[in-house]
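Note sheet for the following structure.
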Amino acid sequence: MSTRVVAIVGAGLVGSGWAIVFARAGLTVRVYDPQPKIRDGFHAWAETSLKELEVASLVVNAADTLARLKVFDTLEEALEGATYIQESVFERVDVKTEACLAIDKAMDPSAMVGSSSSGIPASAFTQACVNRARFMINHPVNPPHLVPVVELVPAPWTDPDCVATVRELMKEVGQVPVSLTREVDGFVLNRLQGALLNEAWALYEEGYASIKDIDATVREGLGLRWSFMGPFETIDLNAPGGIADYAERLGPLYFGMGNGRMDHPWPHDVIARAEAERRLELPAGSLADRRAWRDGQLMKLAAFRQTHKPKRSPSS
Ligand SMILES: NC(=O)c1ccc[n+]([C@@H]2O[C@H](COP(=O)([O-])OP(=O)(O)OC[C@H]3O[C@@H](n4cnc5c(N)ncnc54)[C@H](O)[C@@H]3O)[C@@H](O)[C@H]2O)c1
């Protein structure tokens with residue numbers, strides 16, 4: 001992959017993390033955000049973050065990496081020479097449509113564009129782009145420089161060669177790409193997260209357990225395995241005869257549990273109850289500190305995984 005210059009369009013939470021992903025892999029990164037406050041604060045944020053990452057051995061040389069990051073006042077300047085563009089603007093069809101049309105106009109027609117969209121498919125906002133065959137979803141997890149998975153989702157008109165090239169680029173910069181064959185709202189990651197969240201809300205609404213205990217069930221239970229294996233491998237190991245044995249033993253139980261759940265949106269009064277319960281645990285004024293704590297935990301986990309790489313299944 002010969003991509004050496006990458007552009008970041010939208011440098012909020014996710015776009016700024018993407019900038020680090022590419023810069024620490026040795027690529028030149030050109031950043032644009034329409035908000036002067038974001039542009040002005042980017043350098044200081046990147047400097048602090050890179051120093052922390054260097055201490056955690058997640059960046060080889062913070063100063064060199066910082067030197068590869070440049071912020072520009074206009075989209076056109078940021079896109080100059082970029083062969084890959086990562087769009088990370090607000091999750092709204094109108095904003096993404098406008099941003100993609102502007103990128104489309106300014107980009108080199110041979111460049112490729114990945115959108116960080118969390119669940120809106122690319123066909124909802126790239127239809128009118130002249131270069132629409134070069135646009136796709138490249139959905140990360142926040143923050144992308146600490147959580148490696150990305151979902152590649154083509155629109156019906158995306159050139160498969162572009163998806164293959166971006167997949168290689170993601171591997172080159174240390175992300176772990178998963179590929180969807182076609183569009184579905186929420187993609188894979190948020191559909192899985194949504195299934196768990198819907199059940200968590202339903203259990204809470206019906207009063208089976210507190211927020212604290214539902215969180216503990218995942219944090220102290222399911223989540224421990226999930227940090228190194230997925231649901232299919234989990235059940236393959238949880239019955240003596242493997243996945244088919246598990247399906248035979250527990251399939252009917254899961255079928256019964258799944259029937260008829262979540263037939264309504266998360267109710268406002270239940271959300272208010274959950275909000276009050278959470279704010280007793282964590283006052284609103286402490287949310288930012290707790291986010292920083294979360295990123296610190298993720299950093300430690302990323303460093304641990306780097307030295308203790310999870311092994312693939314023996315045959316893969
Ligand atoms: N936050 C998450 O957990 C998360 C995780 C994965 C993906 N995403 C996705 O990433 C995208 C960005 O989310 P975020 O959390 O970084 O939001 P954010 O609000 O932190 O940042 C969005 C940025 O986009 C900029 N922007 C708005 N219009 C623009 C335009 N026309 N051109 C360039 N920049 C523009 C804004 O100024 C802002 O700085 C969304 O699609 C979101 O769904 C978010």
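Each chain in the structure tokens gets a letter, A, B, ..., in the order shown, and its residues are numbered from 1; ligands are numbered from 1 in order too.
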
- Residues at most 6 Å from ligand 1, using only C-alpha atoms and all ligand atoms? Could they come as a ChimeraX atom specification? /A:9-15,33-35,88-91,95,99,116-118,139-142

Could the residues in this selection be written to a file with C-alpha atoms, as a PDB file, in the first residue's frame?
ATOM      1  CA  VAL A   9     -11.977  15.520   8.026  1.00  0.00           C
ATOM      2  CA  GLY A  10     -13.626  16.268  11.366  1.00  0.00           C
ATOM      3  CA  ALA A  11     -11.240  16.222  14.331  1.00  0.00           C
ATOM      4  CA  GLY A  12     -13.548  15.623  17.291  1.00  0.00           C
ATOM      5  CA  LEU A  13     -13.253  12.611  19.584  1.00  0.00           C
ATOM      6  CA  VAL A  14     -12.939  10.055  16.818  1.00  0.00           C
ATOM      7  CA  GLY A  15     -11.159  12.044  14.101  1.00  0.00           C
ATOM      8  CA  ASP A  33     -12.126  20.713  11.261  1.00  0.00           C
ATOM      9  CA  PRO A  34     -14.365  23.754  10.650  1.00  0.00           C
ATOM     10  CA  GLN A  35     -14.293  24.738  14.353  1.00  0.00           C
ATOM     11  CA  SER A  88     -15.461  11.795  11.074  1.00  0.00           C
ATOM     12  CA  VAL A  89     -18.118  14.526  11.121  1.00  0.00           C
ATOM     13  CA  PHE A  90     -21.345  14.464  13.183  1.00  0.00           C
ATOM     14  CA  GLU A  91     -23.555  11.369  12.878  1.00  0.00           C
ATOM     15  CA  VAL A  95     -23.998  16.869   7.816  1.00  0.00           C
ATOM     16  CA  ALA A  99     -19.173  16.980   4.091  1.00  0.00           C
ATOM     17  CA  SER A 116     -16.420   6.762  10.639  1.00  0.00           C
ATOM     18  CA  SER A 117     -20.238   6.528  10.655  1.00  0.00           C
ATOM     19  CA  SER A 118     -21.422   4.469  13.628  1.00  0.00           C
ATOM     20  CA  HIS A 139     -16.182   2.474  11.333  1.00  0.00           C
ATOM     21  CA  PRO A 140     -13.834   2.500  14.337  1.00  0.00           C
ATOM     22  CA  VAL A 141     -14.441   2.172  18.055  1.00  0.00           C
ATOM     23  CA  ASN A 142     -13.705   5.166  20.254  1.00  0.00           C
TER      24      ASN A 142
END

- Message: I want to know what sits within 12 Å of A:Ala63, based on only C-alpha atoms, with residues of the same chain fewer than 4 positions away left out; could you give that as an MDAnalysis selection string?
- Response: chainID A and resid 23:24 43 46:54 59 67:69

- Task: Using DSSP on the backbone, list every residue of stretch 78-151 of chain A that comes out as strand (DSSP E), and give them as a PyMOL selection string.
- Result: chain A and resi 84-87+112-115+135-140+149-151

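Straight-line separation from atom CA of A:Lys70 to atom CA of A:Met170: 20.6 Å.
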
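Each of A:Met136, A:Val6, A:Leu282, A:Leu189 was checked against A:Gly230 using only C-alpha atoms; the smallest atom-to-atom distance is that of A:Leu189.
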
- A:Thr158: which residues within 8 Å, counting only C-alpha atoms, same-chain residues fewer than 3 positions away excluded, as a count of residues only? 9

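The space between atom CA of A:Asp245 and atom CA of A:Val218 spans 24.3 Å.
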
- Item | A:Leu197 environment, 12 Å, only C-alpha atoms, sequence neighbours closer than 6 positions dropped, as an MDAnalysis selection string | chainID A and resid 190:191 203:205 211 214:215 218 261:262 265:266

- Query: For A:Lys309, which of A:Thr74, A:Asn61, A:Ser115, A:Ser227 is the closest residue, counting only C-alpha atoms?
  - Reply: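 For A:Lys309, the nearest of the given residues is A:Ser227.
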
- Message: For a quick check of understanding, using only C-alpha atoms, which of A:Ala302, A:Leu101, A:Ala239, A:Ala124 has the smallest distance to A:Gly174?
- Response: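 Ranking A:Ala302, A:Leu101, A:Ala239, A:Ala124 by distance to A:Gly174, first place goes to A:Ala302.
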
Could you pull out all residues of stretch 19-127 of chain A with a DSSP call of alpha helix (DSSP H) and give them as a compact mmCIF listing (two decimals) with C-alpha atoms, in the first residue's frame?
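Contents of selection_12.txt, freshly written:
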# COMPACT_ATOMS: atom_id res chain seq x y z
CA ALA A 19 -4.98 11.10 13.32
CA ILE A 20 -2.81 9.33 15.90
CA VAL A 21 -3.46 5.91 14.32
CA PHE A 22 -2.04 7.06 10.99
CA ALA A 23 0.76 9.28 12.30
CA ARG A 24 2.19 6.67 14.65
CA PRO A 36 -11.33 27.06 15.11
CA LYS A 37 -11.45 25.88 18.75
CA ILE A 38 -10.85 22.28 17.65
CA ARG A 39 -8.10 23.25 15.19
CA ASP A 40 -6.35 25.45 17.78
CA GLY A 41 -6.52 22.80 20.52
CA PHE A 42 -5.47 19.86 18.36
CA HIS A 43 -1.70 20.23 18.63
CA ALA A 44 -1.67 20.45 22.45
CA TRP A 45 -4.07 17.50 22.73
CA ALA A 46 -1.95 15.40 20.35
CA GLU A 47 1.27 16.29 22.15
CA THR A 48 -0.11 15.24 25.55
CA SER A 49 -1.72 12.07 24.18
CA LEU A 50 1.40 11.00 22.30
CA LYS A 51 3.58 11.47 25.37
CA GLU A 52 1.20 9.24 27.36
CA LEU A 53 1.23 6.67 24.58
CA GLU A 54 5.02 6.75 24.46
CA VAL A 55 5.18 6.07 28.21
CA ALA A 62 6.13 10.90 20.36
CA ALA A 63 8.03 13.89 18.95
CA ASP A 64 8.49 12.32 15.49
CA THR A 65 4.86 11.27 15.43
CA LEU A 66 3.71 14.77 16.38
CA ALA A 67 5.81 16.22 13.55
CA LEU A 75 -10.69 21.33 3.62
CA GLU A 76 -9.00 21.90 0.27
CA GLU A 77 -5.58 22.37 1.87
CA ALA A 78 -6.04 19.32 4.09
CA LEU A 79 -6.94 17.13 1.11
CA VAL A 93 -27.24 12.35 7.28
CA ASP A 94 -27.42 16.04 6.33
CA VAL A 95 -24.00 16.87 7.82
CA LYS A 96 -22.37 13.78 6.32
CA THR A 97 -23.95 14.46 2.91
CA GLU A 98 -22.62 18.03 2.87
CA ALA A 99 -19.17 16.98 4.09
CA CYS A 100 -18.92 14.15 1.54
CA LEU A 101 -19.97 16.40 -1.33
CA ALA A 102 -17.26 18.88 -0.30
CA ILE A 103 -14.68 16.08 -0.04
CA ASP A 104 -15.84 14.72 -3.41
CA LYS A 105 -15.24 18.09 -5.03
CA ALA A 106 -11.78 18.62 -3.53

- Item | Selected residue, from A:Lys212, A:Thr165, A:Phe228, A:Ser179, that lies nearest to A:Arg305 when counting only C-alpha atoms |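 Looking at the shortest contact to A:Arg305, the residue is A:Phe228.
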
- Message: Which residue is closest to A:Val29? Choose from A:Val60, A:Gly81, A:Arg92, A:Val150 and count only C-alpha atoms.
- Response: A:Gly81

- Item | Atomic distance atom CA of A:Glu281 - atom CA of A:Ala216, expressed in Å with one decimal | 13.3 Å
